[in-house]
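Engineer: Dropping in model.cif, with mmCIF, C-alpha atoms.
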```
data_input
#
loop_
_atom_site.group_PDB
_atom_site.id
_atom_site.type_symbol
_atom_site.label_atom_id
_atom_site.label_comp_id
_atom_site.auth_asym_id
_atom_site.auth_seq_id
_atom_site.Cartn_x
_atom_site.Cartn_y
_atom_site.Cartn_z
ATOM 1 C CA MET E 1 44.704 39.154 11.664
ATOM 2 C CA ASP E 2 43.462 42.695 12.354
ATOM 3 C CA GLN E 3 39.796 41.743 12.309
ATOM 4 C CA ARG E 4 40.339 38.733 14.556
ATOM 5 C CA ILE E 5 41.923 40.626 17.437
ATOM 6 C CA MET E 6 39.504 43.536 17.217
ATOM 7 C CA GLY E 7 36.534 41.180 17.016
ATOM 8 C CA GLN E 8 37.708 39.286 20.077
ATOM 9 C CA LEU E 9 38.215 42.499 22.048
ATOM 10 C CA GLU E 10 34.786 43.797 21.078
ATOM 11 C CA SER E 11 33.090 40.508 21.934
ATOM 12 C CA GLY E 12 34.132 40.791 25.561
ATOM 13 C CA ASP E 13 35.277 37.145 25.618
ATOM 14 C CA ALA E 14 36.802 37.001 29.123
ATOM 15 C CA GLU E 15 39.158 34.101 28.382
ATOM 16 C CA TRP E 16 40.472 35.722 25.222
ATOM 17 C CA LEU E 17 40.817 39.097 26.969
ATOM 18 C CA GLU E 18 42.871 37.428 29.703
ATOM 19 C CA ILE E 19 45.206 35.937 27.069
ATOM 20 C CA TYR E 20 45.528 39.319 25.332
ATOM 21 C CA THR E 21 46.280 41.042 28.657
ATOM 22 C CA GLU E 22 48.907 38.441 29.542
ATOM 23 C CA ARG E 23 50.633 38.822 26.149
ATOM 24 C CA LEU E 24 50.680 42.617 26.589
ATOM 25 C CA SER E 25 51.933 42.290 30.175
ATOM 26 C CA ALA E 26 54.697 39.890 29.119
ATOM 27 C CA HIS E 27 56.040 42.527 26.749
ATOM 28 C CA GLY E 28 55.893 45.109 29.532
ATOM 29 C CA ARG E 29 57.850 42.838 31.847
ATOM 30 C CA SER E 30 60.520 42.288 29.203
ATOM 31 C CA VAL E 31 61.372 46.020 29.117
ATOM 32 C CA ARG E 32 60.851 46.766 32.815
ATOM 33 C CA ASN E 33 64.620 46.938 33.347
ATOM 34 C CA ASP E 34 66.713 49.217 31.181
ATOM 35 C CA ALA E 35 68.839 47.398 28.619
ATOM 36 C CA ARG E 36 71.155 50.109 27.317
ATOM 37 C CA LEU E 37 74.080 49.264 25.038
ATOM 38 C CA SER E 38 77.548 49.856 26.472
ATOM 39 C CA ASP E 39 78.959 51.349 23.255
ATOM 40 C CA PRO E 40 76.130 52.397 20.892
ATOM 41 C CA GLN E 41 76.810 53.905 17.495
ATOM 42 C CA VAL E 42 73.858 56.220 18.032
ATOM 43 C CA THR E 43 71.499 57.125 20.882
ATOM 44 C CA VAL E 44 68.136 58.826 20.446
ATOM 45 C CA LYS E 45 65.970 60.302 23.184
ATOM 46 C CA ARG E 46 62.321 60.941 22.413
ATOM 47 C CA ARG E 47 59.319 62.079 24.420
ATOM 48 C CA SER E 48 55.644 62.063 23.533
ATOM 49 C CA PRO E 49 54.299 65.531 24.356
ATOM 50 C CA VAL E 50 50.728 64.229 24.705
ATOM 51 C CA CYS E 51 51.265 61.527 27.339
ATOM 52 C CA GLY E 52 54.801 62.151 28.567
ATOM 53 C CA SER E 53 56.109 58.707 27.610
ATOM 54 C CA THR E 54 59.858 58.629 27.010
ATOM 55 C CA ILE E 55 62.391 56.353 25.369
ATOM 56 C CA THR E 56 66.148 56.388 25.124
ATOM 57 C CA LEU E 57 67.085 54.067 22.276
ATOM 58 C CA ASP E 58 70.586 52.851 21.430
ATOM 59 C CA LEU E 59 71.293 51.343 18.032
ATOM 60 C CA ASN E 60 74.202 49.545 16.393
ATOM 61 C CA ARG E 61 74.265 48.417 12.825
ATOM 62 C CA ASP E 62 76.568 46.807 10.322
ATOM 63 C CA GLY E 63 75.834 48.331 6.943
ATOM 64 C CA ASP E 64 72.153 47.814 6.216
ATOM 65 C CA ILE E 65 71.605 45.377 9.096
ATOM 66 C CA ILE E 66 70.581 46.439 12.588
ATOM 67 C CA THR E 67 72.754 44.408 14.934
ATOM 68 C CA GLU E 68 71.700 45.600 18.398
ATOM 69 C CA ILE E 69 69.087 47.723 20.112
ATOM 70 C CA GLY E 70 69.254 49.012 23.656
ATOM 71 C CA PHE E 71 66.596 50.956 25.508
ATOM 72 C CA ALA E 72 65.308 52.703 28.574
ATOM 73 C CA VAL E 73 61.553 53.181 28.265
ATOM 74 C CA ARG E 74 58.994 54.876 30.496
ATOM 75 C CA ALA E 75 55.665 54.413 28.772
ATOM 76 C CA CYS E 76 52.233 52.826 29.006
ATOM 77 C CA ALA E 77 51.718 49.140 28.236
ATOM 78 C CA LEU E 78 51.328 49.872 24.517
ATOM 79 C CA GLY E 79 54.594 51.840 24.332
ATOM 80 C CA GLN E 80 56.336 49.109 26.300
ATOM 81 C CA ALA E 81 54.955 46.440 23.977
ATOM 82 C CA GLY E 82 56.222 48.292 20.905
ATOM 83 C CA THR E 83 59.672 48.607 22.457
ATOM 84 C CA SER E 84 59.714 44.941 23.443
ATOM 85 C CA ILE E 85 58.660 43.784 19.980
ATOM 86 C CA LEU E 86 61.347 45.896 18.307
ATOM 87 C CA ALA E 87 64.051 44.812 20.767
ATOM 88 C CA SER E 88 63.262 41.126 20.245
ATOM 89 C CA VAL E 89 62.654 41.071 16.484
ATOM 90 C CA LEU E 90 64.620 43.900 14.859
ATOM 91 C CA PRO E 91 68.244 42.812 15.495
ATOM 92 C CA GLY E 92 69.401 41.004 12.366
ATOM 93 C CA ARG E 93 66.776 42.719 10.209
ATOM 94 C CA SER E 94 67.412 45.384 7.572
ATOM 95 C CA VAL E 95 67.150 49.136 7.904
ATOM 96 C CA SER E 96 64.503 49.175 5.175
ATOM 97 C CA GLU E 97 62.403 46.618 7.077
ATOM 98 C CA ALA E 98 62.586 48.779 10.210
ATOM 99 C CA ILE E 99 61.288 51.768 8.238
ATOM 100 C CA GLN E 100 58.534 49.638 6.660
ATOM 101 C CA ILE E 101 57.443 48.427 10.104
ATOM 102 C CA ARG E 102 57.265 51.994 11.431
ATOM 103 C CA ASP E 103 55.180 52.986 8.399
ATOM 104 C CA ALA E 104 52.882 49.959 8.837
ATOM 105 C CA VAL E 105 52.222 50.800 12.496
ATOM 106 C CA GLN E 106 51.535 54.447 11.602
ATOM 107 C CA SER E 107 49.114 53.362 8.866
ATOM 108 C CA MET E 108 47.391 50.939 11.225
ATOM 109 C CA LEU E 109 46.759 53.763 13.691
ATOM 110 C CA THR E 110 45.337 56.140 11.099
ATOM 111 C CA SER E 111 43.508 53.884 8.666
ATOM 112 C CA PRO E 112 40.992 51.126 9.466
ATOM 113 C CA GLU E 113 41.851 49.489 6.127
ATOM 114 C CA ALA E 114 45.548 49.150 6.951
ATOM 115 C CA SER E 115 46.876 45.801 8.074
ATOM 116 C CA LEU E 116 49.964 44.759 9.970
ATOM 117 C CA PRO E 117 52.547 42.235 8.868
ATOM 118 C CA GLY E 118 52.344 38.783 10.393
ATOM 119 C CA GLY E 119 55.058 36.200 10.858
ATOM 120 C CA ILE E 120 57.814 37.388 13.182
ATOM 121 C CA TRP E 121 55.924 40.688 13.550
ATOM 122 C CA GLN E 122 52.681 38.980 14.687
ATOM 123 C CA ASP E 123 52.730 40.623 18.125
ATOM 124 C CA LEU E 124 52.243 44.035 16.522
ATOM 125 C CA GLU E 125 48.568 43.067 16.608
ATOM 126 C CA LEU E 126 48.654 43.879 20.330
ATOM 127 C CA LEU E 127 48.812 47.556 19.338
ATOM 128 C CA LEU E 128 45.546 47.462 17.380
ATOM 129 C CA PRO E 129 43.292 48.643 20.240
ATOM 130 C CA ALA E 130 45.185 51.959 20.191
ATOM 131 C CA ARG E 131 43.688 52.717 16.781
ATOM 132 C CA ASP E 132 40.626 54.215 18.496
ATOM 133 C CA LEU E 133 42.634 55.899 21.260
ATOM 134 C CA ARG E 134 44.261 58.915 19.613
ATOM 135 C CA SER E 135 45.775 59.975 22.930
ATOM 136 C CA ARG E 136 47.864 56.764 22.844
ATOM 137 C CA HIS E 137 49.173 57.122 19.280
ATOM 138 C CA GLY E 138 52.236 59.080 20.448
ATOM 139 C CA SER E 139 53.193 56.420 22.974
ATOM 140 C CA VAL E 140 52.638 53.613 20.475
ATOM 141 C CA MET E 141 54.752 55.348 17.819
ATOM 142 C CA LEU E 142 57.527 56.386 20.214
ATOM 143 C CA PRO E 143 59.810 53.325 19.827
ATOM 144 C CA PHE E 144 59.183 53.024 16.082
ATOM 145 C CA ASP E 145 59.919 56.703 15.447
ATOM 146 C CA ALA E 146 63.009 56.461 17.682
ATOM 147 C CA VAL E 147 64.366 53.552 15.616
ATOM 148 C CA VAL E 148 63.883 55.468 12.367
ATOM 149 C CA GLU E 149 65.503 58.578 13.848
ATOM 150 C CA ALA E 150 68.449 56.443 15.001
ATOM 151 C CA ILE E 151 68.764 54.988 11.496
ATOM 152 C CA GLU E 152 68.745 58.470 9.981
ATOM 153 C CA ARG E 153 71.406 59.658 12.439
ATOM 154 C CA SER E 154 73.591 56.645 11.772
ATOM 155 C CA ASP E 155 73.188 57.233 8.013
ATOM 156 C CA LYS E 156 74.532 60.765 8.540
ATOM 157 C CA ALA E 157 77.469 59.424 10.543
ATOM 158 C CA ILE E 158 78.241 56.832 7.851
ATOM 159 C CA GLU E 159 78.090 59.550 5.184
ATOM 160 C CA GLY E 160 80.366 61.755 7.279
ATOM 161 C CA ARG E 161 77.805 64.495 7.844
ATOM 162 C CA PRO E 162 77.514 66.047 11.275
ATOM 163 C CA ASP E 163 74.766 64.710 13.501
ATOM 164 C CA GLN E 164 71.800 67.007 14.033
ATOM 165 C CA PRO E 165 70.880 67.927 17.603
ATOM 166 C CA ASP E 166 67.953 66.153 19.231
ATOM 167 C CA GLN E 167 64.798 68.208 18.601
ATOM 168 C CA SER E 168 62.309 65.873 20.280
ATOM 169 C CA GLY E 169 62.051 67.727 23.552
#
```
Kindly present the structure from the file in structure tokens form.

Structural biologist:
Amino acid sequence: MDQRIMGQLESGDAEWLEIYTERLSAHGRSVRNDARLSDPQVTVKRRSPVCGSTITLDLNRDGDIITEIGFAVRACALGQAGTSILASVLPGRSVSEAIQIRDAVQSMLTSPEASLPGGIWQDLELLLPARDLRSRHGSVMLPFDAVVEAIERSDKAIEGRPDQPDQSG
């Protein structure tokens, strides 16, 4: 999968590039309006210091299963796509899968040998062009890091430990 999308982008195939752009734009449109949860178990606010992208992410879970995600995102197309993918795929998935997805995206950005999962996570391939754009890594990682932070905070709440203040700026 990784080689296919990168090869198509590098080839300059206008038709394929139009399809890629439309897929990316569709994700952006899906998060254009805020979709906050009315009663979240945990809310995380994060900001990328490099590009200024921001996300407010709400999360509800039932045990090990993420049940709902809400968001307000102000980011580039790549940050919006990541948020859209998580919002559409993650509900109903496990906490451990969410952490694995964050780790896979981080590896993809830092290692040319890393690959992304397919299947329901296929659209993560839209983030591949950011691999060579270090200035976009923070925006790409923003929603994934926010989900993991929300999981960690909800773990603390479940364990009865006090929540730590938001240190993300």

Engineer: Apply the PyMOL selection byres ((chain E and resi 85) around 12) to the displayed file and report the matching residues as a ChimeraX atom specification.

Structural biologist: /E:23-24,26-31,69,78-84,86-91,98,101-102,120-127,140,143-144

Engineer: List as a PyMOL selection string the residues having at least one atom at most 12 Å from position (63.6, 56.8, 14.7) as given in the file, counting all atoms listed in the file.

Structural biologist: chain E and resi 42-47+55-59+69+83+86+95+98-103+141-155+166+168

Engineer: Enclose range 18-33 of chain E, meaning all of its atoms listed in the file, in a box aligned along x, y and z, pad it by 4 Å on each side, and list the centre and edge lengths in Å to one decimal, as lines of an AutoDock Vina configuration file.

Structural biologist:
```
center_x = 53.7
center_y = 41.4
center_z = 29.3
size_x = 29.7
size_y = 19.0
size_z = 16.0
```

Engineer: Within 6 Å of Ile66 in chain E, counting only C-alpha atoms, which residues show up once you throw out same-chain ones fewer than 5 positions away? Write them as a PyMOL selection string, please.

Structural biologist: chain E and resi 61+91-93

Engineer: If you measure from CA of Glu22 in chain E to CA of Thr67 in chain E, what distance in Å do you get, rounded to one decimal?

Structural biologist: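 Interatomic distance, CA of Glu22 in chain E to CA of Thr67 in chain E: 28.6 Å.
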
Engineer: Any idea what the distance is between CA of Ser111 in chain E and CA of Val50 in chain E?

Structural biologist: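 Between CA of Ser111 in chain E and CA of Val50 in chain E the gap is 20.4 Å.
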
Engineer: Have a look at E:Ser115, E:Gln106, E:Asn33, E:Ser139 and name the one nearest to Phe71 in chain E; count only C-alpha atoms.

Structural biologist: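 Nearest to Phe71 in chain E: E:Asn33.
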
Engineer: Which residue gives the smallest distance to His137 in chain E among E:Leu37, E:Ala77, E:Ala72, E:Leu109, with all atoms listed in the file counted?

Structural biologist: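 Comparing E:Leu37, E:Ala77, E:Ala72, E:Leu109 against His137 in chain E, the winner is E:Leu109.
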
Engineer: Would you work out the distance separating CA of Thr21 in chain E from CA of Pro129 in chain E, expressed in Å to one decimal?

Structural biologist: 11.7 Å

Engineer: Could I get range 113-132 of chain E rebuilt with N, CA, C and O atoms, written as a PDB file, in the frame of the given file?

Structural biologist:
```
ATOM      1  N   GLU E 113      41.594  50.449   7.195  1.00  0.00           N
ATOM      2  CA  GLU E 113      41.851  49.489   6.127  1.00  0.00           C
ATOM      3  C   GLU E 113      43.261  48.924   6.182  1.00  0.00           C
ATOM      4  O   GLU E 113      43.550  47.907   5.564  1.00  0.00           O
ATOM      5  N   ALA E 114      44.150  49.583   6.898  1.00  0.00           N
ATOM      6  CA  ALA E 114      45.548  49.150   6.951  1.00  0.00           C
ATOM      7  C   ALA E 114      45.676  47.857   7.746  1.00  0.00           C
ATOM      8  O   ALA E 114      44.930  47.612   8.687  1.00  0.00           O
ATOM      9  N   SER E 115      46.623  47.043   7.344  1.00  0.00           N
ATOM     10  CA  SER E 115      46.876  45.801   8.074  1.00  0.00           C
ATOM     11  C   SER E 115      48.335  45.772   8.504  1.00  0.00           C
ATOM     12  O   SER E 115      49.167  46.511   7.995  1.00  0.00           O
ATOM     13  N   LEU E 116      48.612  44.914   9.451  1.00  0.00           N
ATOM     14  CA  LEU E 116      49.964  44.759   9.970  1.00  0.00           C
ATOM     15  C   LEU E 116      50.579  43.489   9.411  1.00  0.00           C
ATOM     16  O   LEU E 116      49.871  42.532   9.104  1.00  0.00           O
ATOM     17  N   PRO E 117      51.904  43.466   9.320  1.00  0.00           N
ATOM     18  CA  PRO E 117      52.547  42.235   8.868  1.00  0.00           C
ATOM     19  C   PRO E 117      52.399  41.138   9.917  1.00  0.00           C
ATOM     20  O   PRO E 117      52.274  41.418  11.107  1.00  0.00           O
ATOM     21  N   GLY E 118      52.417  39.920   9.482  1.00  0.00           N
ATOM     22  CA  GLY E 118      52.344  38.783  10.393  1.00  0.00           C
ATOM     23  C   GLY E 118      53.728  38.191  10.598  1.00  0.00           C
ATOM     24  O   GLY E 118      54.720  38.913  10.635  1.00  0.00           O
ATOM     25  N   GLY E 119      53.777  36.883  10.687  1.00  0.00           N
ATOM     26  CA  GLY E 119      55.058  36.200  10.858  1.00  0.00           C
ATOM     27  C   GLY E 119      55.755  36.640  12.129  1.00  0.00           C
ATOM     28  O   GLY E 119      55.143  36.691  13.195  1.00  0.00           O
ATOM     29  N   ILE E 120      57.039  36.991  12.008  1.00  0.00           N
ATOM     30  CA  ILE E 120      57.814  37.388  13.182  1.00  0.00           C
ATOM     31  C   ILE E 120      57.292  38.670  13.809  1.00  0.00           C
ATOM     32  O   ILE E 120      57.598  38.969  14.963  1.00  0.00           O
ATOM     33  N   TRP E 121      56.492  39.423  13.062  1.00  0.00           N
ATOM     34  CA  TRP E 121      55.924  40.688  13.550  1.00  0.00           C
ATOM     35  C   TRP E 121      54.501  40.509  14.087  1.00  0.00           C
ATOM     36  O   TRP E 121      53.803  41.484  14.355  1.00  0.00           O
ATOM     37  N   GLN E 122      54.051  39.286  14.269  1.00  0.00           N
ATOM     38  CA  GLN E 122      52.681  38.980  14.687  1.00  0.00           C
ATOM     39  C   GLN E 122      52.238  39.768  15.919  1.00  0.00           C
ATOM     40  O   GLN E 122      51.103  40.214  16.007  1.00  0.00           O
ATOM     41  N   ASP E 123      53.134  39.960  16.887  1.00  0.00           N
ATOM     42  CA  ASP E 123      52.730  40.623  18.125  1.00  0.00           C
ATOM     43  C   ASP E 123      52.395  42.099  17.939  1.00  0.00           C
ATOM     44  O   ASP E 123      51.844  42.718  18.854  1.00  0.00           O
ATOM     45  N   LEU E 124      52.677  42.659  16.773  1.00  0.00           N
ATOM     46  CA  LEU E 124      52.243  44.035  16.522  1.00  0.00           C
ATOM     47  C   LEU E 124      50.729  44.159  16.638  1.00  0.00           C
ATOM     48  O   LEU E 124      50.207  45.246  16.903  1.00  0.00           O
ATOM     49  N   GLU E 125      50.017  43.040  16.480  1.00  0.00           N
ATOM     50  CA  GLU E 125      48.568  43.067  16.608  1.00  0.00           C
ATOM     51  C   GLU E 125      48.129  43.536  17.993  1.00  0.00           C
ATOM     52  O   GLU E 125      47.016  44.022  18.168  1.00  0.00           O
ATOM     53  N   LEU E 126      48.992  43.409  18.980  1.00  0.00           N
ATOM     54  CA  LEU E 126      48.654  43.879  20.330  1.00  0.00           C
ATOM     55  C   LEU E 126      48.437  45.383  20.377  1.00  0.00           C
ATOM     56  O   LEU E 126      47.812  45.896  21.306  1.00  0.00           O
ATOM     57  N   LEU E 127      48.941  46.103  19.385  1.00  0.00           N
ATOM     58  CA  LEU E 127      48.812  47.556  19.338  1.00  0.00           C
ATOM     59  C   LEU E 127      47.503  48.014  18.699  1.00  0.00           C
ATOM     60  O   LEU E 127      47.166  49.192  18.762  1.00  0.00           O
ATOM     61  N   LEU E 128      46.785  47.106  18.089  1.00  0.00           N
ATOM     62  CA  LEU E 128      45.546  47.462  17.380  1.00  0.00           C
ATOM     63  C   LEU E 128      44.516  48.230  18.216  1.00  0.00           C
ATOM     64  O   LEU E 128      43.894  49.156  17.704  1.00  0.00           O
ATOM     65  N   PRO E 129      44.300  47.895  19.474  1.00  0.00           N
ATOM     66  CA  PRO E 129      43.292  48.643  20.240  1.00  0.00           C
ATOM     67  C   PRO E 129      43.589  50.138  20.335  1.00  0.00           C
ATOM     68  O   PRO E 129      42.686  50.934  20.576  1.00  0.00           O
ATOM     69  N   ALA E 130      44.833  50.533  20.133  1.00  0.00           N
ATOM     70  CA  ALA E 130      45.185  51.959  20.191  1.00  0.00           C
ATOM     71  C   ALA E 130      44.639  52.738  19.002  1.00  0.00           C
ATOM     72  O   ALA E 130      44.598  53.968  19.043  1.00  0.00           O
ATOM     73  N   ARG E 131      44.209  52.033  17.969  1.00  0.00           N
ATOM     74  CA  ARG E 131      43.688  52.717  16.781  1.00  0.00           C
ATOM     75  C   ARG E 131      42.599  53.722  17.171  1.00  0.00           C
ATOM     76  O   ARG E 131      42.555  54.828  16.644  1.00  0.00           O
ATOM     77  N   ASP E 132      41.738  53.350  18.097  1.00  0.00           N
ATOM     78  CA  ASP E 132      40.626  54.215  18.496  1.00  0.00           C
ATOM     79  C   ASP E 132      40.965  55.138  19.662  1.00  0.00           C
ATOM     80  O   ASP E 132      40.106  55.861  20.141  1.00  0.00           O
TER      81      ASP E 132
END
```
